[in-house]
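Asks: Please see the structure below; I have some questions.
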Amino acid sequence: MNRLKILPILALCVFGLVSFINVDKPVKNTTTGNNTVGTEIGNKAPELKFKDPSGKEIALSSLKGKVVLIDFWASWCGPCRKENPIVVGAYKKYKDKKFKNGKGFTVYSVSLDRDKTSWENAIKQDALEWSNHVSDLKYWNAEGAKLYKVASIPASFLIDGDGIIIGKNLRGAALEESLKAMLK
């Protein structure tokens with residue numbers, strides 16, 4: 001068969017397959033009916049529920065009403081550790097502030113560590129003051145990272161008091177600028 005006849009057919013098949021798969025399409029949230037759950041800005045953030053270092057389960061939804069930075073990081077990640085002082089600074093400055101859609105700011109730290117001791121030591125060494133530190137200690141197979149499609153760290157999602165994603169991967173001054181813009 002002539003190659004010129006095969007190319008349009010092949011292109012049509014590939015386009016159809018890509019259109020059919022559409023992996024980024026958010027799932028309809030049946031609990032509220034008016035928001036979609038997904039990882040894009042404007043989506044309702046998918047629920048996360050993992051254990052802290054003491055074994056207590058902490059759900060992301062337990063922080064409803066606050067502005068939350070979902071921060072994917074690990075003790076072994078150099079760029080994450082360099083970003084931690086900036087996150088700590090933002091936490092200290094905004095933890096008690098009133099926002100347009102939220103009261104107070106906190107961090108929900110999701111560690112991609114596999115060693116509990118290294119994770120706990122990094123929390124202490126970097127003075128990560130907030131209490132919402134969670135991990136399933138599955139390294140790159142972490143359930144939270146899969147759910148949020150995290151392919152590299154640090155990775156973050158900023159959500160408002162209703163759990164809606166309003167920013168992604170806000171590093172350095174961008175985090176503070178976003179929080180400042182949300183103040184009442």
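By order in the structure tokens, chains are A, B, ...; within a chain, residues start at 1; ligands start at 1, following the order shown.
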Need the shell around Val88 in chain A: protein/DNA/RNA residues with any atom at most 8 Å away, counting only C-alpha atoms. Skip same-chain ones fewer than 6 positions apart. Format as a list of chain:residue names?

Replies: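 Result of the neighbour search: A:Ala127, A:Leu128, A:Glu129.
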
Asks: Those residues with all heavy atoms, as a PDB file, in the first residue's frame please?

Replies:
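After the write, result-v4.pdb holds the following:
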ATOM      1  N   ALA A 127      12.555  22.866  60.856  1.00  0.00           N
ATOM      2  CA  ALA A 127      11.610  23.585  61.725  1.00  0.00           C
ATOM      3  C   ALA A 127      10.242  23.767  61.061  1.00  0.00           C
ATOM      4  O   ALA A 127       9.695  24.865  61.033  1.00  0.00           O
ATOM      5  CB  ALA A 127      12.199  24.920  62.167  1.00  0.00           C
ATOM      6  N   LEU A 128       9.712  22.664  60.534  1.00  0.00           N
ATOM      7  CA  LEU A 128       8.395  22.693  59.893  1.00  0.00           C
ATOM      8  C   LEU A 128       7.343  22.645  60.999  1.00  0.00           C
ATOM      9  O   LEU A 128       6.936  21.582  61.461  1.00  0.00           O
ATOM     10  CB  LEU A 128       8.260  21.516  58.914  1.00  0.00           C
ATOM     11  CG  LEU A 128       9.379  21.395  57.870  1.00  0.00           C
ATOM     12  CD1 LEU A 128       9.125  20.212  56.941  1.00  0.00           C
ATOM     13  CD2 LEU A 128       9.546  22.678  57.080  1.00  0.00           C
ATOM     14  N   GLU A 129       6.901  23.818  61.434  1.00  0.00           N
ATOM     15  CA  GLU A 129       6.099  23.998  62.649  1.00  0.00           C
ATOM     16  C   GLU A 129       4.677  23.467  62.584  1.00  0.00           C
ATOM     17  O   GLU A 129       4.088  23.178  63.621  1.00  0.00           O
ATOM     18  CB  GLU A 129       6.026  25.480  62.998  1.00  0.00           C
ATOM     19  CG  GLU A 129       7.346  26.111  63.297  1.00  0.00           C
ATOM     20  CD  GLU A 129       7.212  27.602  63.571  1.00  0.00           C
ATOM     21  OE1 GLU A 129       6.096  28.074  63.857  1.00  0.00           O
ATOM     22  OE2 GLU A 129       8.236  28.288  63.490  1.00  0.00           O
TER      23      GLU A 129
END

Asks: Just the residues within 8 Å of range 111-117 of chain A, please, counting only C-alpha atoms, with nothing from its chain fewer than 3 positions along; format it as a list of chain:residue names.

Replies: A:Pro53, A:Phe72, A:Trp73, A:Ala74, A:Ser75, A:Trp76, A:Glu120, A:Asn121, A:His133, A:Val134, A:Ser135, A:Asp136, A:Leu137, A:Lys138, A:Tyr139, A:Trp140, A:Ala142, A:Ala145

Asks: What are the nearest atom pairs, with distances in Å to one decimal, for all residues of range 40-151 of chain A that come at most 12 Å from range 156-179 of chain A, using only C-alpha atoms, set out by chain and rising residue number as CSV?

Replies:
residue,atom,partner,partner_atom,distance
A:Glu40,CA,A:Ile165,CA,6.8
A:Ile41,CA,A:Ile165,CA,4.9
A:Gly42,CA,A:Ile165,CA,5.4
A:Asn43,CA,A:Ile164,CA,5.6
A:Lys44,CA,A:Ile164,CA,4.4
A:Ala45,CA,A:Gly163,CA,5.7
A:Pro46,CA,A:Gly163,CA,8.7
A:Glu47,CA,A:Gly163,CA,9.2
A:Leu48,CA,A:Gly163,CA,11.5
A:Leu60,CA,A:Gly163,CA,8.8
A:Ser61,CA,A:Gly163,CA,7.7
A:Ser62,CA,A:Gly163,CA,10.5
A:Leu63,CA,A:Gly161,CA,8.1
A:Lys64,CA,A:Gly161,CA,5.6
A:Gly65,CA,A:Gly161,CA,3.9
A:Lys66,CA,A:Gly161,CA,4.6
A:Val67,CA,A:Asp160,CA,4.5
A:Val68,CA,A:Ile159,CA,5.3
A:Leu69,CA,A:Leu158,CA,4.5
A:Ile70,CA,A:Phe157,CA,5.1
A:Asp71,CA,A:Ser156,CA,4.5
A:Phe72,CA,A:Ser156,CA,6.0
A:Trp73,CA,A:Ser156,CA,8.7
A:Pro79,CA,A:Arg171,CA,10.5
A:Cys80,CA,A:Arg171,CA,10.1
A:Lys82,CA,A:Gly172,CA,9.9
A:Glu83,CA,A:Gly172,CA,7.1
A:Asn84,CA,A:Gly172,CA,9.7
A:Pro85,CA,A:Gly172,CA,9.5
A:Ile86,CA,A:Gly172,CA,6.2
A:Val87,CA,A:Leu175,CA,8.0
A:Val88,CA,A:Glu176,CA,11.0
A:Gly89,CA,A:Glu176,CA,8.9
A:Ala90,CA,A:Glu176,CA,6.2
A:Tyr91,CA,A:Glu176,CA,9.5
A:Lys92,CA,A:Glu176,CA,11.2
A:Lys93,CA,A:Glu176,CA,9.1
A:Tyr94,CA,A:Leu179,CA,7.6
A:Lys95,CA,A:Leu179,CA,10.4
A:Lys97,CA,A:Leu179,CA,9.6
A:Lys98,CA,A:Leu179,CA,10.3
A:Phe99,CA,A:Leu179,CA,8.2
A:Lys100,CA,A:Asp160,CA,8.8
A:Asn101,CA,A:Gly161,CA,5.3
A:Gly102,CA,A:Gly161,CA,4.2
A:Lys103,CA,A:Gly161,CA,7.3
A:Gly104,CA,A:Gly161,CA,9.0
A:Phe105,CA,A:Leu179,CA,8.6
A:Thr106,CA,A:Leu158,CA,10.1
A:Val107,CA,A:Leu158,CA,9.1
A:Tyr108,CA,A:Ser156,CA,9.7
A:Ser109,CA,A:Ser156,CA,9.2
A:Val110,CA,A:Ser156,CA,9.6
A:Ser111,CA,A:Ser156,CA,11.7
A:Gly144,CA,A:Ser156,CA,11.8
A:Ala145,CA,A:Ser156,CA,10.6
A:Tyr148,CA,A:Phe157,CA,9.2
A:Lys149,CA,A:Ser156,CA,11.2
A:Val150,CA,A:Ser156,CA,9.0
A:Ala151,CA,A:Ser156,CA,11.6

Asks: The selected residues should be written to file as a tab-separated table (two decimals), in the first residue's frame (atoms: C-alpha atoms).

Replies:
chain	number	residue	atom	x	y	z
A	40	GLU	CA	-6.35	21.73	37.81
A	41	ILE	CA	-6.93	25.28	39.03
A	42	GLY	CA	-10.65	25.68	39.70
A	43	ASN	CA	-11.16	22.00	40.59
A	44	LYS	CA	-12.06	20.76	44.04
A	45	ALA	CA	-8.88	19.21	45.46
A	46	PRO	CA	-9.04	15.42	45.73
A	47	GLU	CA	-9.19	14.12	49.29
A	48	LEU	CA	-5.97	12.99	50.92
A	60	LEU	CA	-7.07	17.12	54.02
A	61	SER	CA	-10.80	17.77	54.47
A	62	SER	CA	-10.22	18.28	58.22
A	63	LEU	CA	-8.60	21.61	57.28
A	64	LYS	CA	-11.71	22.93	55.50
A	65	GLY	CA	-12.17	26.64	56.09
A	66	LYS	CA	-8.43	27.38	55.96
A	67	VAL	CA	-6.23	28.28	53.05
A	68	VAL	CA	-3.96	25.24	52.64
A	69	LEU	CA	-0.75	24.61	50.76
A	70	ILE	CA	-0.58	20.92	49.84
A	71	ASP	CA	3.17	20.47	49.68
A	72	PHE	CA	4.71	17.32	48.16
A	73	TRP	CA	8.32	16.98	49.31
A	79	PRO	CA	15.27	21.58	46.08
A	80	CYS	CA	12.50	20.72	48.57
A	82	LYS	CA	15.87	24.70	50.00
A	83	GLU	CA	12.21	25.68	49.56
A	84	ASN	CA	11.24	24.75	53.14
A	85	PRO	CA	12.45	28.02	54.75
A	86	ILE	CA	10.24	29.97	52.33
A	87	VAL	CA	7.21	27.82	53.22
A	88	VAL	CA	8.00	28.20	56.94
A	89	GLY	CA	8.20	31.99	56.51
A	90	ALA	CA	4.84	32.08	54.73
A	91	TYR	CA	3.31	29.88	57.41
A	92	LYS	CA	4.53	32.11	60.24
A	93	LYS	CA	3.35	35.27	58.49
A	94	TYR	CA	-0.10	34.08	57.34
A	95	LYS	CA	-1.20	31.32	59.75
A	97	LYS	CA	-4.65	35.95	58.86
A	98	LYS	CA	-8.15	36.29	57.46
A	99	PHE	CA	-8.54	35.63	53.75
A	100	LYS	CA	-11.34	36.35	51.30
A	101	ASN	CA	-12.19	32.66	51.36
A	102	GLY	CA	-10.59	31.16	54.42
A	103	LYS	CA	-9.54	31.84	57.98
A	104	GLY	CA	-5.87	31.15	58.59
A	105	PHE	CA	-3.21	29.43	56.52
A	106	THR	CA	-1.62	26.04	57.04
A	107	VAL	CA	0.43	23.46	55.20
A	108	TYR	CA	-0.50	19.84	54.50
A	109	SER	CA	2.92	18.28	53.93
A	110	VAL	CA	2.90	15.04	51.95
A	111	SER	CA	6.28	13.33	52.18
A	144	GLY	CA	-1.07	11.03	47.15
A	145	ALA	CA	1.54	11.67	44.46
A	148	TYR	CA	-2.23	14.47	42.21
A	149	LYS	CA	-0.13	13.37	39.22
A	150	VAL	CA	3.09	14.54	40.88
A	151	ALA	CA	6.04	13.68	38.64

Asks: Enumerate, as a short mmCIF file (atom, residue, chain, number, x, y, z; two decimals) with C-alpha atoms, in the first residue's frame, the complete set of residues in range 53-105 of chain A that a backbone-based DSSP assignment places in strand (DSSP E or B).

Replies:
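Below you can see out-v6.cif, which holds the result:
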data_model
loop_
_atom_site.label_atom_id
_atom_site.label_comp_id
_atom_site.auth_asym_id
_atom_site.auth_seq_id
_atom_site.Cartn_x
_atom_site.Cartn_y
_atom_site.Cartn_z
CA GLU A 57 -4.57 9.80 60.32
CA ILE A 58 -5.02 13.35 59.04
CA ALA A 59 -7.49 14.10 56.26
CA VAL A 67 -6.23 28.28 53.05
CA VAL A 68 -3.96 25.24 52.64
CA LEU A 69 -0.75 24.61 50.76
CA ILE A 70 -0.58 20.92 49.84
CA ASP A 71 3.17 20.47 49.68
CA PHE A 72 4.71 17.32 48.16
CA TRP A 73 8.32 16.98 49.31
CA LYS A 98 -8.15 36.29 57.46
CA PHE A 99 -8.54 35.63 53.75
CA GLY A 102 -10.59 31.16 54.42
CA LYS A 103 -9.54 31.84 57.98
CA PHE A 105 -3.21 29.43 56.52
#

Asks: As a ChimeraX atom specification, please: every residue in chain A that DSSP puts in alpha helix (DSSP H).

Replies: /A:3-21,78-94,116-125,143-147,173-182

Asks: When you draw a straight line from CA of Glu143 in chain A to CA of Phe50 in chain A, how long is it in Å?

Replies: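 Atom-to-atom, CA of Glu143 in chain A to CA of Phe50 in chain A, that is 9.2 Å.
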
Asks: What does the distance between CA of Lys49 in chain A and CA of Lys180 in chain A come to in Å, to one decimal place?

Replies: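 Pair CA of Lys49 in chain A / CA of Lys180 in chain A returns 28.2 Å.
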